[in-house]
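Inspection log for the structure reproduced underneath, given as structure tokens.
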There are 2 protein chains.
Amino acid sequence: MSDQKNTAQQHLLQILRNEDIFQGFSDQTLEQLVQQVKYSRFHAQQHILKQQQIEQDIYILLSGTLQIGWLQNNGELIVNDYIRRQSVFNFVALLQQKPLNYDYFAATHVEVAIISGTTFLAVLQRDPQALWNVVQSLSRRMYLMFEHNRYLRTATLEQRIARHLIRLYEQYGCRQEIPLRLSQQEFAESFNISRQTLNKHLQQFVQTQVIAWNYGQIAILDLERLRQMSELDE
Amino acid sequence: MSDQKNTAQQHLLQILRNEDIFQGFSDQTLEQLVQQVKYSRFHAQQHILKQQQIEQDIYILLSGTLQIGWLQNNGELIVNDYIRRQSVFNFVALLQQKPLNYDYFAATHVEVAIISGTTFLAVLQRDPQALWNVVQSLSRRMYLMFEHNRYLRTATLEQRIARHLIRLYEQYGCRQEIPLRLSQQEFAESFNISRQTLNKHLQQFVQTQVIAWNYGQIAILDLERLRQMSELDE
């Protein structure tokens, strides 16, 4: 039992060493942080953290896929993103001690590790190396958000659709297939456009055999061409 | 001459003390930072910093309004935002030592102070108090970006138009007027919608006497109602 616990902690330590925001900490500090770790499992569709909830602990995805977005009053979830990478997922709200910006759902079976945010913040504030690393990590994420914004505002709809398809493929794809049933309605909502407009553009992707889309199942036929189509004209 | 220089430095120090990212520094450090300050003036329409340029110094807006966006190959500027607050405007790219994400133009006559980024980063890395403050500042900005994203993705077009009008008013407005000539085309581009679609929605704002829009000149007639119209239904 104790061996099992030990193996789990070693695994978690390995994840933390690879996680951006923990890079500045010494191994000793990391070991201190995982001492009081709790583990939690969620089944697909389960609500893990709720928008507007204030959460004092750090949630680290160990396995599975998260769906993040905003649950509406009518029960509909507006999906913003999927997270599959082993990483902390509530960091910004925790630093701000503010309500979560998103609803977090398990998209598959999900395991998370939960460590004390209070302990984390206390050790962080005393450690210039770790702080500098967090500054780098946050500013890198902001830089990418600025770049993403630039893309969204300057790319054509065709470029954006191509990029979205690549993104889905990178997140879920294997052997050309994106093993995820997506209605054109959901897809269109990601772009704030109507299903009709989306369909008109998708037809071009299908006719030129860049993708196939059958009953919500997408196959990427020409990834290289798709990448070219997604690039900004610079 | 030396007195003038002194007054300018005192004024700059006052700005830095009020600027988010400098809050963690001691007065002594701030005085050290402004020792080598340079000042620069730009006339309206002048290009201050270029997208893709790597800039080693910190730019602080002292007076005037900046227009930030992306200059396209065809000479068109896609406007992302306006900055009027006295603040650092190239902080994230500087922290990342990466190319600027935006083009910065003077929208009016503009004065900036320029201090050494190298000196700034060197003192920052040694100072846990200042680092913690930067972590707070960056995560606050990210939190606001997440909230903004939530708004954009969950708000109706009417809510978003109302909010955009309030924002313009808060940035430029005085006595109900937004003293800025805006074509409906420019306005529509902010929402990625056609001028026709925008116009249909704007008619409702005009007919209910919430705003008046004459020859590109906008007047806010009922700010309170506009605020209500902009709020998410929660």
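Chain identifiers are assigned as A, B, and so on, following the order in which chains appear in the structure tokens; residues are numbered from 1 within each chain, and ligands are numbered from 1 in order of appearance.
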
Please produce, as CSV, a per-residue contact table for chain B versus chain A (criterion: any atom at most 7 Å away, only C-alpha atoms considered), showing the nearest atom pair and its distance in Å to one decimal, sorted by chain then residue number.
residue,atom,partner,partner_atom,distance
B:Val92,CA,A:Ser139,CA,5.5
B:Ala93,CA,A:Tyr143,CA,6.7
B:Leu95,CA,A:Ser139,CA,6.7
B:Gln96,CA,A:Arg140,CA,6.4
B:Asn101,CA,A:Glu147,CA,6.3
B:Gln125,CA,A:Trp132,CA,6.2
B:Arg126,CA,A:Pro128,CA,6.6
B:Asp127,CA,A:Pro128,CA,6.8
B:Pro128,CA,A:Pro128,CA,5.0
B:Leu131,CA,A:Leu131,CA,6.0
B:Trp132,CA,A:Gln125,CA,6.2
B:Val134,CA,A:Val135,CA,7.0
B:Val135,CA,A:Val135,CA,5.6
B:Gln136,CA,A:Gln96,CA,6.9
B:Leu138,CA,A:Leu138,CA,6.7
B:Ser139,CA,A:Val92,CA,5.5
B:Arg140,CA,A:Gln96,CA,6.4
B:Met142,CA,A:Met142,CA,6.9
B:Tyr143,CA,A:Val92,CA,6.4
B:Phe146,CA,A:Asn101,CA,6.5
B:Glu147,CA,A:Asn101,CA,6.3

*Neighbours of Ser26 (chain B) within 10 Å (only C-alpha atoms; same-chain residues fewer than 2 positions away dropped), as a PyMOL selection string?*
chain B and resi 17+22-24+28-32+127+129-130

*Run DSSP on the backbone and give me the residues of region 37-198 of chain B it puts in helix (DSSP H, G or I), as JSON, numbers by chain.*
{"B": [91, 92, 93, 94, 95, 96, 117, 118, 119, 120, 121, 122, 123, 124, 125, 126, 128, 129, 130, 131, 132, 133, 134, 135, 136, 137, 138, 139, 140, 141, 142, 143, 144, 145, 146, 147, 148, 149, 150, 151, 152, 153, 154, 157, 158, 159, 160, 161, 162, 163, 164, 165, 166, 167, 168, 169, 170, 171, 172, 184, 185, 186, 187, 188, 189, 195, 196, 197, 198]}

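Nearest residue to His164 (chain A), choosing from A:Tyr151, A:Tyr104, A:Phe42, A:Tyr59 and counting only C-alpha atoms: A:Tyr151.
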
*Which neighbours of Met229 (chain B) fall inside 12 Å, counting only C-alpha atoms, when residues of the same chain fewer than 3 positions from it are skipped, and could you give them as a PyMOL selection string?*
chain B and resi 155-166+204-205+208+210+222-226+232-233

*Pick out the residues sitting within 8 Å of Gln36 (chain A), and hand them over as a list in words; count only C-alpha atoms, and ignore anything fewer than 3 positions along from it in its own chain.*
Leu33, Ile115 and Ser116 of chain A

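Here the DSSP assignment of strand (DSSP E or B), based on backbone atoms, applies within region 142-234 of chain A to Cys174, Glu177, Ile178, Ile211, Ala212, Trp213, Asn214, Gln217, Ile218, Ala219 and Ile220 of chain A.
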
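Interatomic distance, CA of Gln53 (chain B) against CA of Gln97 (chain B): 10.3 Å.
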
*Have a look at CA of Gln86 (chain B) and CA of Gly64 (chain B) and let me know their distance in Å, one decimal.*
8.8 Å

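CA of Thr119 (chain B) to CA of Leu49 (chain B) spans 20.4 Å [interatomic distance, one decimal].
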
*Can you tell me, as a PyMOL selection string, what residues are no more than 9 Å from Tyr39 (chain B) when counting only C-alpha atoms, ignoring any on the same chain fewer than 5 positions away?*
chain B and resi 111-115

*Extract, using only C-alpha atoms, all DNA, RNA and protein residues at most 12 Å from Asn6 (chain B), discarding same-chain residues fewer than 5 positions from it, and format them as a count of residues only.*
8

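When only C-alpha atoms are used to compute distances to Glu55 (chain A), the closest of the residues A:Tyr82, A:Asn90, A:Asp20, A:Ala212 turns out to be A:Asn90.
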